[in-house]
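Below: the structure, in structure tokens.
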Amino acid sequence: MRLSQFFPALALAVTAHAQAQTKALRFASVVDGTGRVVPNGVVIVDGDKITRIAGPRDALPANAQVIDLTRYTAIPGMIDVHTHITYYWDPTSGTDPWRQPRRAPEMTVQVARQNGIKALEDGVTAVRDMGASNYTDVALRDSINKAGWVGPRLFVSGSGLSRARPPYQPNTDTTHTLRGRVFNISQIPEAVKQQVDAGADQIKMFGSTGSGADVTGNETFSFDEMKAAVDAAHGFGKRIAIHSYGPQGGRDAVLAGANSLEHAIDLDDATLAEMVKRGTFYVPTIDHNRYYAEYKTDFRYTDQQAAALDSFRLRNFETARRAFKAGVKLAMGSDAVFHMFGQNTRELGWYVKLGMTPAQALATATTNGAALLGQEKTLGKIAPGYYADIVAVEGNPLNDINVVLNNVRWVMKGGAVVVDKTK
Ligand SMILES: [Zn+2]
């Protein structure tokens, strides 16, 4: 006798709950992120976690909701370790992305959701965000985690630490740090603590000039200042990413003990060897300069600026090629801003061009990204105990990286389907 005969409403609720709890995802193939490929694998998901990968003829849990994805290959949800998710721009607004009318922080949090959805549509289920104003990144993260907003898992930095330049920052004084801006080394521990207190997951430091059309890479913090930031961050149990466009800042960031080095070109062999020795991650962000040059009209960049972006990109590519060859660990970071969300994984195309296999490229966006976040036990693999962050792609991603870039059809994050283009 069925329970529903006595308590129809209750039974329905119980059934719906059970269906929400256990899911069996049938794929043509499961690329699990460990190097293993399971033909006709069935991923069993309980709540927000993966419990196992079953074979095609294995018995499935009773009451499991079976989702037929047998036209697709499963890959782990990808991790983009360098974004600025709160940098939102509406291409129909007629404004310059860098000079938009002022937006209230509350509104920034709202519109940034759209960037997050674009990232999810790319198969990016986790993001390390590398700096935002007014802690809008913290608010967005918490809205996703605690208020049910749809978006990728966010690991945020708050205000990136930058060199305060009195002539350009009239509202800052020399006794207090503001928005991560510091005048001298004595303010660095306090600036780091401010980010941690505000809820930052990791620390970001701008160790050189360079952003947008500006591809100068002049070091803005000394080795000692970088070391002070690294020591303060590590003292709070936080990791630190240091931005440097140029090689000097890159070298000092590595020697100071940064967990990851962002962007840098023309790194010398000694620095690359040091990165291998220390396990420093390199996040080259090659593709973002392709983006700026390609959308030069939207940004109102001159042809000369676009040419400078292109030549920086070539050197960036060459540095990444040498780094990979030297054995440096790379993690995929897009440096996505504005309408680059939705192009988050194009970086992987450059990685294959510089000599990685598609599997190695995919690893930069899965296991390597997870390791950089310190989440290697929960993210980056389709394996028991890991979050059910799973992407279905059409085609074989191990033969052709473009399958990952262009053929994402379905995305699950934490056991919930967040993108479905299978119909
Ligand atoms: Zn950035």
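We label chains A, B, ... in the order they appear in the structure tokens, count residues from 1 in each chain, and number ligands from 1 in the order shown.
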
Within 12 Å of region 186-208 of chain A: each region 77-120 of chain A residue with its shortest pair, only C-alpha atoms, as JSON lines:
{"residue": "A:Val81", "atom": "CA", "partner": "A:Gln202", "partner_atom": "CA", "distance": 11.4}
{"residue": "A:His82", "atom": "CA", "partner": "A:Lys204", "partner_atom": "CA", "distance": 10.4}
{"residue": "A:Thr83", "atom": "CA", "partner": "A:Lys204", "partner_atom": "CA", "distance": 11.7}
{"residue": "A:His84", "atom": "CA", "partner": "A:Lys204", "partner_atom": "CA", "distance": 11.7}

Limited to C-alpha atoms, could you put the picked residues into a file as a compact mmCIF listing (two decimals), in the first residue's frame?
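That gives us again-v2.txt:
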# COMPACT_ATOMS: atom_id res chain seq x y z
CA VAL A 81 40.69 32.12 -11.89
CA HIS A 82 40.81 35.70 -13.10
CA THR A 83 37.66 37.73 -13.65
CA HIS A 84 36.16 41.06 -12.69

Handout entry: Exercise: Arg322 (chain A) partners within 10 Å, only C-alpha atoms, chain neighbours under 2 positions left out, as a VMD selection string
Key = chain A and resid 266 to 269 272 316 to 320 324 to 328 354 to 355

Exercise for the section: Rank nothing, just name the residue among A:Tyr351, A:Trp89, A:Phe341, A:Tyr301 nearest to Gly123 (chain A), using only C-alpha atoms. Expected result: A:Phe341

Practice task
Considering only C-alpha atoms, state which residue in the set A:Ala323, A:Val403, A:Ala365, A:Val408 is at the smallest distance from Val391 (chain A).
Solution key: A:Val408

Problem - Which of A:Arg71, A:Asp46, A:Leu372, A:Arg313 sits closest to Thr22 (chain A) [using only C-alpha atoms] - result: A:Asp46

Handout entry: Surrounding residues as a ChimeraX atom specification, ligand 1, max 8 Å, only C-alpha atoms and all ligand atoms
Key = /A:82-84,130-131,211,243,262,335-336

Exercise for the section: Could you give me, as a PyMOL selection string, the residues within 12 Å of Pro91 (chain A), counting only C-alpha atoms and dropping anything in the same chain fewer than 4 positions from it? Expected result: chain A and resi 95-97+100+295+297-299+338-340

Exercise for the section: Just the residues within 6 Å of Pro76 (chain A), please, counting only C-alpha atoms, with nothing from its chain fewer than 3 positions along; format it as a list in words. Expected result: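 Contacts, with the query itself left out: Gly380, Lys381, Ile382, Ile390 and Val391 of chain A.
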
Residues just named, written with C-alpha atoms as a short mmCIF file (atom, residue, chain, number, x, y, z; two decimals), in the first residue's frame:
data_model
loop_
_atom_site.label_atom_id
_atom_site.label_comp_id
_atom_site.auth_asym_id
_atom_site.auth_seq_id
_atom_site.Cartn_x
_atom_site.Cartn_y
_atom_site.Cartn_z
CA GLY A 380 37.64 20.34 -10.55
CA LYS A 381 36.77 16.66 -10.83
CA ILE A 382 33.79 14.44 -11.42
CA ILE A 390 29.21 19.20 -14.29
CA VAL A 391 29.18 20.41 -17.88
#

Practice task
Can you pull out every residue within 7 Å of Val283 (chain A), counting only C-alpha atoms, but drop anything in the same chain fewer than 2 positions away, and send it as a PyMOL selection string?
Solution key: chain A and resi 260-263+281+285+330-333
